[in-house]
Amino acid sequence: MIRFGLLGCGRIAKRHSDLLGGNHIVGAKLVAVCDSDRARADAIASKFAVAAHDDIDELLARDDIDAVAVLTPSGLHPQHAIACARAGKHVVVEKPMALRLQDADDMIRACDEAGVKLFVVKQNRFNVPIVKAREALDAGRFGKLVLGTVRVRWCRDQSYYDQDSWRGTWGYDGGVLTNQASHHIDMLEWFFGDVVSVHARSTTALVKIETEDTAVATLKFRSGALGIIEATTATRPADLEGSLSILGEKGTVEVGGFAMNHIRHWLFVDPLPSDKEVIEKFSVNPPNVYGFGHQAYYQHVVDCLADRGAALVDGLQGRKSLELISALYESIETGQEVSLHFVPRRSRLGVAS
C-alpha cells in the first residue's frame with residue numbers, strides 16, 4: 001500500500017483527493033493533506049477522515065507517508081518537491097513541474113540524491129484515444145509525419161484568475177501556454193519528437209493578468225515535420241475544445257473533446273480490421289470511470305513504486321516539456337525564431353515582478 005499526502009488543497013486538489021481518498025486507486029490510500037490555508041486543508045481532510053496540516057514540515061515529518069502529491073502554485077513546485085525528496089518521500093508534481101529550467105534540474109537532482117522517484121502529472125497520455133493513437137504511431141501506421149497541431153480553446157474569465165493572487169503571474173503560474181496548454185504541448189512533442197525551433201506570438205486579450213491568455217506558435221521538428229500550437233483561455237462564453245491532430249503520409253488521426261478524450265477522425269491508407277474496434281470501443285474514455293486520465297495515471301505511479309518500474313513521465317520528460325515552453329516564451333519576448341536547446345535570456349517565466 002502506497003500512502004499519500006497532498007500538499008496544496010486548491011482547485012486541482014479535488015481530483016487528486018477524490019481518487020486517493022475515495023479508494024479509486026488500487027494499492028494507494030490518502031493519509032494526510034496540507035495547505036497554508038487551514039480551512040482548505042480541513043475541508044478535504046474532513047471529507048475523507050484524514051489528518052490536516054497547515055505546515056509542510058509537519059506533513060513531511062510523518063512516517064506514515066510514502067509519497068506526496070505537490071499541488072501548490074507552479075512557482076512553488078521546486079522548493080516543495082525538493083523538501084519532499086529530502087524528507088525521503090516520493091514526489092508526484094502537477095504540471096508544469098517548474099517554471100525555470102534550473103529549478104527543474106534542481107528537482108531532478110534532489111530526487112536522485114535522495115533515492116526517491118519523481119513523477120510529473122501528464123494524465124492525458126493515459127486517455128484511451130491517445131493510447132490507441134500512440135499504438136498506431138509505434139506500429140508505423142502514419143508513415144512519415146507531416147504536420148501536428150494542438151488547439152486549446154477554453155474559457156477562463158476574470159473570476160477564475162481572481163480566485164488566487166498567484167494566478168496569471170510570471171513568478172508563480174505563467175499563462176495559457178504554461179498552465180492550460182502544457183498537456184497539449186507535451187502531447188505534440190511526445191508524438192512528433194524533438195523540436196528544432198519555434199516561433200511564437202501572444203496577447204492578453206480579455207482579462208487583467210501579467211501573462212498571456214492567447215498564444216499561437218509554429219514548430220519545426222527534427223524529423224522535418226511542422227507543428228502548430230493554438231491556445232487561448234479567451235473563448236467565450238464556454239469551453240470549446242482541447243484537441244490533437246496527427247497528419248502523416250499514410251494516415252490522419254484527430255483526437256478532440258474537452259481534453260483530448262474523443263477520437264474525431266481515424267483514417268489510414270491501409271485500413272486494418274481492428275480500426276472498427278478502435279472507433280466503436282476506444283474512441284472515448286469510459287464514461288463510468290471517475291477522472292479516467294488521473295485514475296490511470298495514479299495507477300501507473302503506484303505500479304512503478306511497487307515494482308520499481310520506469311515512469312512514463314519522469315523528471316526528465318517533464319523538463320523536456322518545460323524547455324519547449326520556455327523557448328516559446330523566449331520567442332514571444334524577442335519576436336524571433338528560437339532554437340532548442342537554448343539558454344533563456346528574455347523569458348519572464350518564473351521571475352516574480
# chains A, B, ... in the order shown; residues from 1 in each chain; ligands from 1

$ residues_around --residues "Leu30 in chain A" --least-positions-apart "2" --cutoff "12 Å" --atoms "only C-alpha atoms" --output "PyMOL selection string"
chain A and resi 1-7+16-28+32-34+44-45+47-52+64-69

$ write_last_selection --atoms "N, CA, C and O atoms" --output "CSV table (one decimal), in the first residue's frame"
chain,number,residue,atom,x,y,z
A,1,MET,N,0.8,-1.2,0.0
A,1,MET,CA,0.0,0.0,0.0
A,1,MET,C,0.9,1.3,0.0
A,1,MET,O,1.7,1.4,0.9
A,2,ILE,N,0.7,2.1,-1.0
A,2,ILE,CA,1.4,3.4,-1.1
A,2,ILE,C,0.6,4.4,-0.4
A,2,ILE,O,-0.5,4.7,-0.8
A,3,ARG,N,1.2,5.0,0.6
A,3,ARG,CA,0.5,6.0,1.4
A,3,ARG,C,0.8,7.4,1.0
A,3,ARG,O,2.0,7.8,1.0
A,4,PHE,N,-0.2,8.2,0.6
A,4,PHE,CA,0.0,9.5,0.1
A,4,PHE,C,-0.4,10.7,1.0
A,4,PHE,O,-1.3,10.6,1.8
A,5,GLY,N,0.3,11.7,0.8
A,5,GLY,CA,0.0,13.0,1.4
A,5,GLY,C,-0.3,14.0,0.3
A,5,GLY,O,0.4,13.9,-0.8
A,6,LEU,N,-1.2,15.0,0.5
A,6,LEU,CA,-1.4,16.0,-0.5
A,6,LEU,C,-0.9,17.3,0.0
A,6,LEU,O,-1.2,17.7,1.1
A,7,LEU,N,0.0,18.0,-0.8
A,7,LEU,CA,0.5,19.3,-0.4
A,7,LEU,C,-0.1,20.3,-1.3
A,7,LEU,O,0.2,20.4,-2.5
A,16,HIS,N,-7.4,14.9,-7.2
A,16,HIS,CA,-6.5,14.1,-6.6
A,16,HIS,C,-7.0,13.4,-5.3
A,16,HIS,O,-6.9,12.2,-5.0
A,17,SER,N,-7.7,14.3,-4.5
A,17,SER,CA,-8.2,13.8,-3.2
A,17,SER,C,-9.3,12.8,-3.4
A,17,SER,O,-9.5,11.8,-2.7
A,18,ASP,N,-10.2,13.1,-4.4
A,18,ASP,CA,-11.3,12.2,-4.6
A,18,ASP,C,-10.8,10.8,-5.1
A,18,ASP,O,-11.4,9.8,-4.7
A,19,LEU,N,-9.8,10.8,-5.9
A,19,LEU,CA,-9.3,9.5,-6.3
A,19,LEU,C,-8.6,8.7,-5.2
A,19,LEU,O,-8.8,7.5,-5.0
A,20,LEU,N,-7.7,9.4,-4.5
A,20,LEU,CA,-6.9,8.7,-3.4
A,20,LEU,C,-7.7,8.5,-2.2
A,20,LEU,O,-7.7,7.4,-1.6
A,21,GLY,N,-8.5,9.5,-1.8
A,21,GLY,CA,-9.3,9.4,-0.6
A,21,GLY,C,-10.5,8.5,-0.8
A,21,GLY,O,-11.1,7.9,0.1
A,22,GLY,N,-11.0,8.5,-2.1
A,22,GLY,CA,-12.2,7.7,-2.4
A,22,GLY,C,-11.9,6.2,-2.7
A,22,GLY,O,-12.8,5.5,-3.2
A,23,ASN,N,-10.6,5.8,-2.6
A,23,ASN,CA,-10.2,4.4,-2.8
A,23,ASN,C,-10.4,4.0,-4.2
A,23,ASN,O,-10.8,2.9,-4.5
A,24,HIS,N,-10.2,4.9,-5.2
A,24,HIS,CA,-10.3,4.6,-6.6
A,24,HIS,C,-9.0,4.0,-7.2
A,24,HIS,O,-9.0,3.6,-8.3
A,25,ILE,N,-7.9,4.1,-6.4
A,25,ILE,CA,-6.6,3.6,-6.9
A,25,ILE,C,-6.2,2.4,-6.1
A,25,ILE,O,-6.0,2.5,-4.9
A,26,VAL,N,-6.1,1.3,-6.8
A,26,VAL,CA,-5.7,0.0,-6.1
A,26,VAL,C,-4.3,0.1,-5.6
A,26,VAL,O,-3.4,0.5,-6.3
A,27,GLY,N,-4.1,-0.1,-4.3
A,27,GLY,CA,-2.8,-0.1,-3.7
A,27,GLY,C,-2.3,1.2,-3.2
A,27,GLY,O,-1.2,1.4,-2.9
A,28,ALA,N,-3.3,2.2,-3.1
A,28,ALA,CA,-3.0,3.5,-2.6
A,28,ALA,C,-4.0,4.0,-1.7
A,28,ALA,O,-5.2,3.6,-1.8
A,32,ALA,N,-2.9,12.1,4.7
A,32,ALA,CA,-3.0,13.5,5.2
A,32,ALA,C,-2.9,14.5,4.1
A,32,ALA,O,-2.5,14.2,3.0
A,33,VAL,N,-3.4,15.7,4.4
A,33,VAL,CA,-3.4,16.8,3.5
A,33,VAL,C,-2.8,18.0,4.2
A,33,VAL,O,-2.8,18.1,5.4
A,34,CYS,N,-2.3,19.0,3.4
A,34,CYS,CA,-1.6,20.2,3.9
A,34,CYS,C,-1.9,21.4,3.0
A,34,CYS,O,-1.8,21.3,1.8
A,44,ILE,N,-11.0,19.2,3.0
A,44,ILE,CA,-10.6,17.9,2.3
A,44,ILE,C,-10.4,16.8,3.4
A,44,ILE,O,-10.9,15.7,3.2
A,45,ALA,N,-9.7,17.2,4.5
A,45,ALA,CA,-9.5,16.2,5.5
A,45,ALA,C,-10.7,15.6,6.1
A,45,ALA,O,-10.9,14.4,6.3
A,47,LYS,N,-13.7,15.4,4.7
A,47,LYS,CA,-14.4,14.6,3.8
A,47,LYS,C,-13.9,13.2,3.7
A,47,LYS,O,-14.7,12.3,3.6
A,48,PHE,N,-12.6,13.0,3.9
A,48,PHE,CA,-12.0,11.6,3.8
A,48,PHE,C,-11.5,11.1,5.1
A,48,PHE,O,-10.9,10.1,5.1
A,49,ALA,N,-11.8,11.8,6.2
A,49,ALA,CA,-11.4,11.4,7.5
A,49,ALA,C,-9.8,11.1,7.6
A,49,ALA,O,-9.4,10.0,8.1
A,50,VAL,N,-9.1,12.1,7.1
A,50,VAL,CA,-7.6,12.0,7.2
A,50,VAL,C,-7.1,13.2,8.0
A,50,VAL,O,-7.9,14.2,8.3
A,51,ALA,N,-5.8,13.2,8.3
A,51,ALA,CA,-5.2,14.3,9.0
A,51,ALA,C,-5.1,15.6,8.2
A,51,ALA,O,-4.8,15.5,7.0
A,52,ALA,N,-5.2,16.7,8.8
A,52,ALA,CA,-5.0,18.0,8.2
A,52,ALA,C,-3.8,18.8,8.8
A,52,ALA,O,-3.6,18.7,10.0
A,64,ASP,N,4.2,7.9,8.2
A,64,ASP,CA,3.2,7.0,7.5
A,64,ASP,C,2.8,7.5,6.2
A,64,ASP,O,1.8,7.2,5.6
A,65,ILE,N,3.7,8.3,5.6
A,65,ILE,CA,3.6,8.8,4.2
A,65,ILE,C,4.7,8.4,3.3
A,65,ILE,O,5.9,8.6,3.7
A,66,ASP,N,4.4,7.7,2.2
A,66,ASP,CA,5.5,7.3,1.3
A,66,ASP,C,5.7,8.2,0.1
A,66,ASP,O,6.8,8.3,-0.4
A,67,ALA,N,4.6,8.9,-0.3
A,67,ALA,CA,4.7,9.8,-1.4
A,67,ALA,C,3.8,11.0,-1.2
A,67,ALA,O,2.8,11.0,-0.5
A,68,VAL,N,4.2,12.2,-1.8
A,68,VAL,CA,3.5,13.4,-1.6
A,68,VAL,C,3.1,13.9,-3.0
A,68,VAL,O,4.0,14.0,-3.9
A,69,ALA,N,1.9,14.3,-3.2
A,69,ALA,CA,1.4,15.0,-4.4
A,69,ALA,C,1.5,16.5,-4.2
A,69,ALA,O,0.9,17.0,-3.3

$ residues_around --residues "Ser74 in chain A" --least-positions-apart "5" --cutoff "7 Å" --atoms "only C-alpha atoms" --output "MDAnalysis selection string"
chainID A and resid 96:99 172:173

$ atom_distance --atom1 "CA of Ala310 in chain A" --atom2 "CA of Lys95 in chain A"
18.9 Å

$ residues_around --residues "Ile246 in chain A" --least-positions-apart "4" --cutoff "10 Å" --atoms "only C-alpha atoms" --output "ChimeraX atom specification"
/A:133,137,142,145-150,188,191-192,227,251-255,265-266

$ select_by_dssp --residues "range 133-284 of chain A" --states "strand (DSSP E or B)" --output "JSON, numbers by chain"
{"A": [145, 146, 147, 148, 149, 150, 151, 152, 153, 155, 195, 196, 197, 198, 199, 200, 201, 202, 203, 214, 215, 216, 217, 218, 219, 220, 221, 226, 227, 228, 229, 230, 231, 232, 234, 241, 242, 243, 244, 245, 246, 247, 248, 251, 252, 253, 254, 255, 256, 262, 263, 264, 265, 266, 267, 268, 284]}
